[in-house]
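K.L.:
I am sharing structure_37.txt, which consists of compact mmCIF, C-alpha atoms:
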# COMPACT_ATOMS: atom_id res chain seq x y z
CA MET A 1 46.13 -58.72 -4.37
CA VAL A 2 47.02 -57.28 -7.72
CA ASP A 3 50.44 -58.27 -9.01
CA THR A 4 52.19 -55.72 -11.19
CA PRO A 5 55.42 -56.61 -13.03
CA VAL A 6 58.23 -54.14 -12.40
CA SER A 7 61.78 -54.04 -13.73
CA VAL A 8 64.50 -54.43 -11.16
CA PRO A 9 68.20 -54.03 -12.07
CA SER A 10 70.27 -57.06 -11.03
CA GLY A 11 73.99 -56.94 -11.71
CA GLY A 12 73.77 -55.33 -15.14
CA ALA A 13 70.70 -57.33 -16.23
CA VAL A 14 67.11 -56.25 -15.85
CA VAL A 15 64.99 -58.80 -13.99
CA THR A 16 61.20 -58.66 -13.94
CA ALA A 17 59.80 -58.99 -10.45
CA VAL A 18 56.25 -58.89 -9.15
CA LYS A 19 55.17 -55.98 -6.98
CA ALA A 20 52.06 -56.35 -4.84
CA SER A 21 49.76 -53.35 -4.84
CA GLY A 22 48.09 -54.28 -1.56
CA LEU A 23 44.57 -54.30 -3.01
CA GLY A 24 42.22 -57.23 -2.49
CA ALA A 25 43.10 -60.47 -0.78
CA VAL A 26 46.59 -61.13 0.51
CA GLN A 27 47.97 -64.27 -1.13
CA GLY A 28 49.63 -66.51 1.43
CA GLY A 29 49.52 -63.84 4.12
CA ARG A 30 47.19 -63.28 7.01
CA PRO A 31 43.69 -62.15 6.10
CA ARG A 32 42.55 -58.58 6.51
CA VAL A 33 40.50 -57.59 9.53
CA TRP A 34 36.82 -57.88 8.63
CA GLY A 35 35.08 -54.59 7.87
CA PRO A 36 31.61 -53.54 6.70
CA GLY A 37 30.88 -54.56 3.14
CA MET A 38 33.63 -57.18 2.99
CA GLY A 39 32.76 -60.65 1.72
CA GLU A 40 34.70 -63.86 1.46
CA GLU A 41 36.30 -62.56 -1.75
CA ALA A 42 38.54 -60.49 0.55
CA LEU A 43 40.06 -63.76 1.78
CA SER A 44 42.43 -65.98 -0.13
CA GLY A 45 43.62 -69.54 -0.19
CA LEU A 46 43.00 -71.74 2.79
CA TYR A 47 41.56 -68.86 4.84
CA ARG A 48 38.80 -68.49 2.26
CA GLU A 49 38.16 -72.26 2.23
CA VAL A 50 37.93 -72.39 6.02
CA PHE A 51 35.57 -69.42 6.15
CA ALA A 52 33.38 -70.88 3.38
CA ALA A 53 33.21 -74.24 5.18
CA VAL A 54 32.11 -72.58 8.43
CA VAL A 55 29.47 -70.54 6.58
CA ALA A 56 28.20 -73.66 4.78
CA ALA A 57 27.94 -75.75 7.95
CA SER A 58 24.54 -76.22 9.55
CA GLY A 59 25.94 -75.23 12.95
CA PRO A 60 29.18 -74.67 14.85
CA VAL A 61 32.09 -76.87 13.70
CA ASN A 62 35.25 -78.12 15.37
CA GLY A 63 38.74 -78.45 13.91
CA VAL A 64 38.29 -82.05 12.73
CA GLU A 65 35.04 -81.18 10.94
CA LEU A 66 36.65 -78.14 9.31
CA THR A 67 39.62 -80.24 8.20
CA ARG A 68 37.30 -82.71 6.47
CA ALA A 69 35.25 -79.87 4.97
CA VAL A 70 38.27 -78.40 3.20
CA GLY A 71 39.35 -81.81 1.90
CA ARG A 72 42.27 -82.53 4.21
CA GLU A 73 43.06 -85.72 6.13
CA ALA A 74 41.43 -85.26 9.54
CA GLU A 75 43.24 -88.35 10.87
CA ILE A 76 46.55 -86.46 10.60
CA LYS A 77 46.92 -84.25 13.67
CA ASN A 78 49.15 -81.74 11.88
CA GLU A 79 46.50 -81.17 9.18
CA VAL A 80 43.83 -80.52 11.83
CA GLU A 81 46.14 -78.06 13.59
CA LYS A 82 46.82 -76.17 10.33
CA ILE A 83 43.11 -75.74 9.74
CA ARG A 84 42.37 -74.88 13.37
CA HIS A 85 45.11 -72.24 13.26
CA ARG A 86 43.49 -70.64 10.20
CA ALA A 87 40.16 -70.60 12.05
CA TYR A 88 41.80 -68.94 15.09
CA VAL A 89 43.29 -66.25 12.85
CA LEU A 90 39.89 -65.67 11.23
CA GLU A 91 38.39 -65.37 14.72
CA LYS A 92 40.98 -62.79 15.78
CA ARG A 93 40.29 -60.77 12.62
CA GLY A 94 36.51 -60.72 13.07
CA TRP A 95 35.44 -63.29 10.47
CA LEU A 96 34.54 -66.11 12.87
CA VAL A 97 33.47 -66.48 16.49
CA ARG A 98 34.36 -69.36 18.78
CA ALA A 99 31.90 -70.91 21.18
CA LYS A 100 32.94 -71.83 24.73
CA ASP A 101 33.30 -75.45 23.63
CA GLY A 102 35.87 -74.41 20.98
CA ARG A 103 33.69 -74.84 17.90
CA PHE A 104 33.63 -72.12 15.25
CA MET A 105 30.76 -70.29 13.59
CA PRO A 106 30.60 -67.27 11.28
CA ALA A 107 30.60 -63.87 12.95
CA PRO A 108 27.08 -62.46 12.43
CA SER A 109 28.52 -59.30 10.90
CA ALA A 110 30.70 -61.24 8.43
CA VAL A 111 27.81 -63.23 6.96
CA GLY A 112 25.10 -60.60 7.12
CA ARG A 113 26.03 -59.03 3.77
CA GLY A 114 29.22 -60.21 2.19
CA ALA A 115 29.27 -64.00 2.52
CA SER A 116 28.64 -65.78 -0.70
CA PRO A 117 25.58 -68.04 -0.79
CA ALA A 118 27.60 -70.16 -3.19
CA SER A 119 29.72 -71.21 -0.22
CA ALA A 120 26.91 -73.47 0.93
CA GLY A 121 27.67 -75.94 -1.83
CA ARG A 122 31.32 -76.32 -0.84
CA LEU A 123 30.89 -78.34 2.34
CA ARG A 124 32.09 -81.83 1.54
CA PRO A 125 30.30 -85.02 2.57
CA GLY A 126 31.23 -86.26 6.02
CA ALA A 127 31.91 -82.76 7.29
CA GLY A 128 28.65 -82.29 9.15
CA THR A 129 28.50 -81.33 12.77
CA ALA A 130 28.29 -84.29 15.13
Written as structure tokens, that's how I'd like the structure from this file.
P.N.:
Amino acid sequence: MVDTPVSVPSGGAVVTAVKASGLGAVQGGRPRVWGPGMGEEALSGLYREVFAAVVAASGPVNGVELTRAVGREAEIKNEVEKIRHRAYVLEKRGWLVRAKDGRFMPAPSAVGRGASPASAGRLRPGAGTA
């Protein structure tokens, strides 16, 4: 997302606000639906971290493994659910696929071209698939 400062009148004073242009990744919002030519740079924040962790994994990963891979406390149920929710959103938007056992893997189309090979180095120790 590109932030552009704009002047907004506020009770006689001019306040500078930030206007989003809608280009690129959406900061804090839901990720865009995957499309041809899109890579992980189209994702932002935790969505990007989750996608990169799935791409870097040697096979399908579950929510606990993803939580560890992005550096969160997998022993805290709420943290696992936050990460799992991001993975579900990425699945619905075409970035990931979910196996019948609930584990996630990259959608073949999403990693065929645009996924960064640099993502492979981001998987943290202890985040392997068991």
K.L.:
Find the residues near segment 92-99 of chain A: any atom within 9 Å, counting all atoms listed in the file, skip ones fewer than 5 places away on the same chain, and give them as an mmCIF file with C-alpha atoms, keeping the file's coordinate frame.
P.N.:
data_model
loop_
_atom_site.group_PDB
_atom_site.id
_atom_site.type_symbol
_atom_site.label_atom_id
_atom_site.label_comp_id
_atom_site.auth_asym_id
_atom_site.auth_seq_id
_atom_site.Cartn_x
_atom_site.Cartn_y
_atom_site.Cartn_z
ATOM 1 C CA PRO A 31 43.690 -62.150 6.100
ATOM 2 C CA ARG A 32 42.550 -58.580 6.510
ATOM 3 C CA VAL A 33 40.500 -57.590 9.530
ATOM 4 C CA TRP A 34 36.820 -57.880 8.630
ATOM 5 C CA GLY A 35 35.080 -54.590 7.870
ATOM 6 C CA PHE A 51 35.570 -69.420 6.150
ATOM 7 C CA VAL A 54 32.110 -72.580 8.430
ATOM 8 C CA PRO A 60 29.180 -74.670 14.850
ATOM 9 C CA ALA A 87 40.160 -70.600 12.050
ATOM 10 C CA PHE A 104 33.630 -72.120 15.250
ATOM 11 C CA MET A 105 30.760 -70.290 13.590
ATOM 12 C CA PRO A 106 30.600 -67.270 11.280
ATOM 13 C CA ALA A 107 30.600 -63.870 12.950
ATOM 14 C CA PRO A 108 27.080 -62.460 12.430
ATOM 15 C CA SER A 109 28.520 -59.300 10.900
ATOM 16 C CA ALA A 110 30.700 -61.240 8.430
ATOM 17 C CA VAL A 111 27.810 -63.230 6.960
#
K.L.:
Take atom CA of Lys77 of chain A and atom CA of Gly63 of chain A and report the distance between them in Å, one decimal.
P.N.:
10.0 Å
K.L.:
Could you work out how far atom CA of Glu41 of chain A lies from atom CA of Arg84 of chain A, giving the answer in Å with one decimal?
P.N.:
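These atoms are spaced 20.4 Å apart.
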K.L.:
Please indicate the distance in Å from atom CA of Ile76 of chain A to atom CA of Val55 of chain A, rounded to one decimal place.
P.N.:
23.7 Å
K.L.:
With all atoms listed in the file as the atoms that count, which of A:Val70, A:Ser44, A:Gly102, A:Leu90 lies nearest to Ala56 of chain A?
P.N.:
A:Val70
K.L.:
When distances are computed from only C-alpha atoms, which of A:Arg103, A:Gly71, A:Arg86, A:Glu81 shows the smallest separation from Arg48 of chain A?
P.N.:
A:Arg86
K.L.:
For each of A:Gly45, A:Gly59, A:Gly29, A:Val64, take the minimum atom-to-atom distance to Ile83 of chain A, counting all atoms listed in the file, then give the residue where this is smallest.
P.N.:
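Comparing A:Gly45, A:Gly59, A:Gly29, A:Val64 against Ile83 of chain A, the winner is A:Val64.
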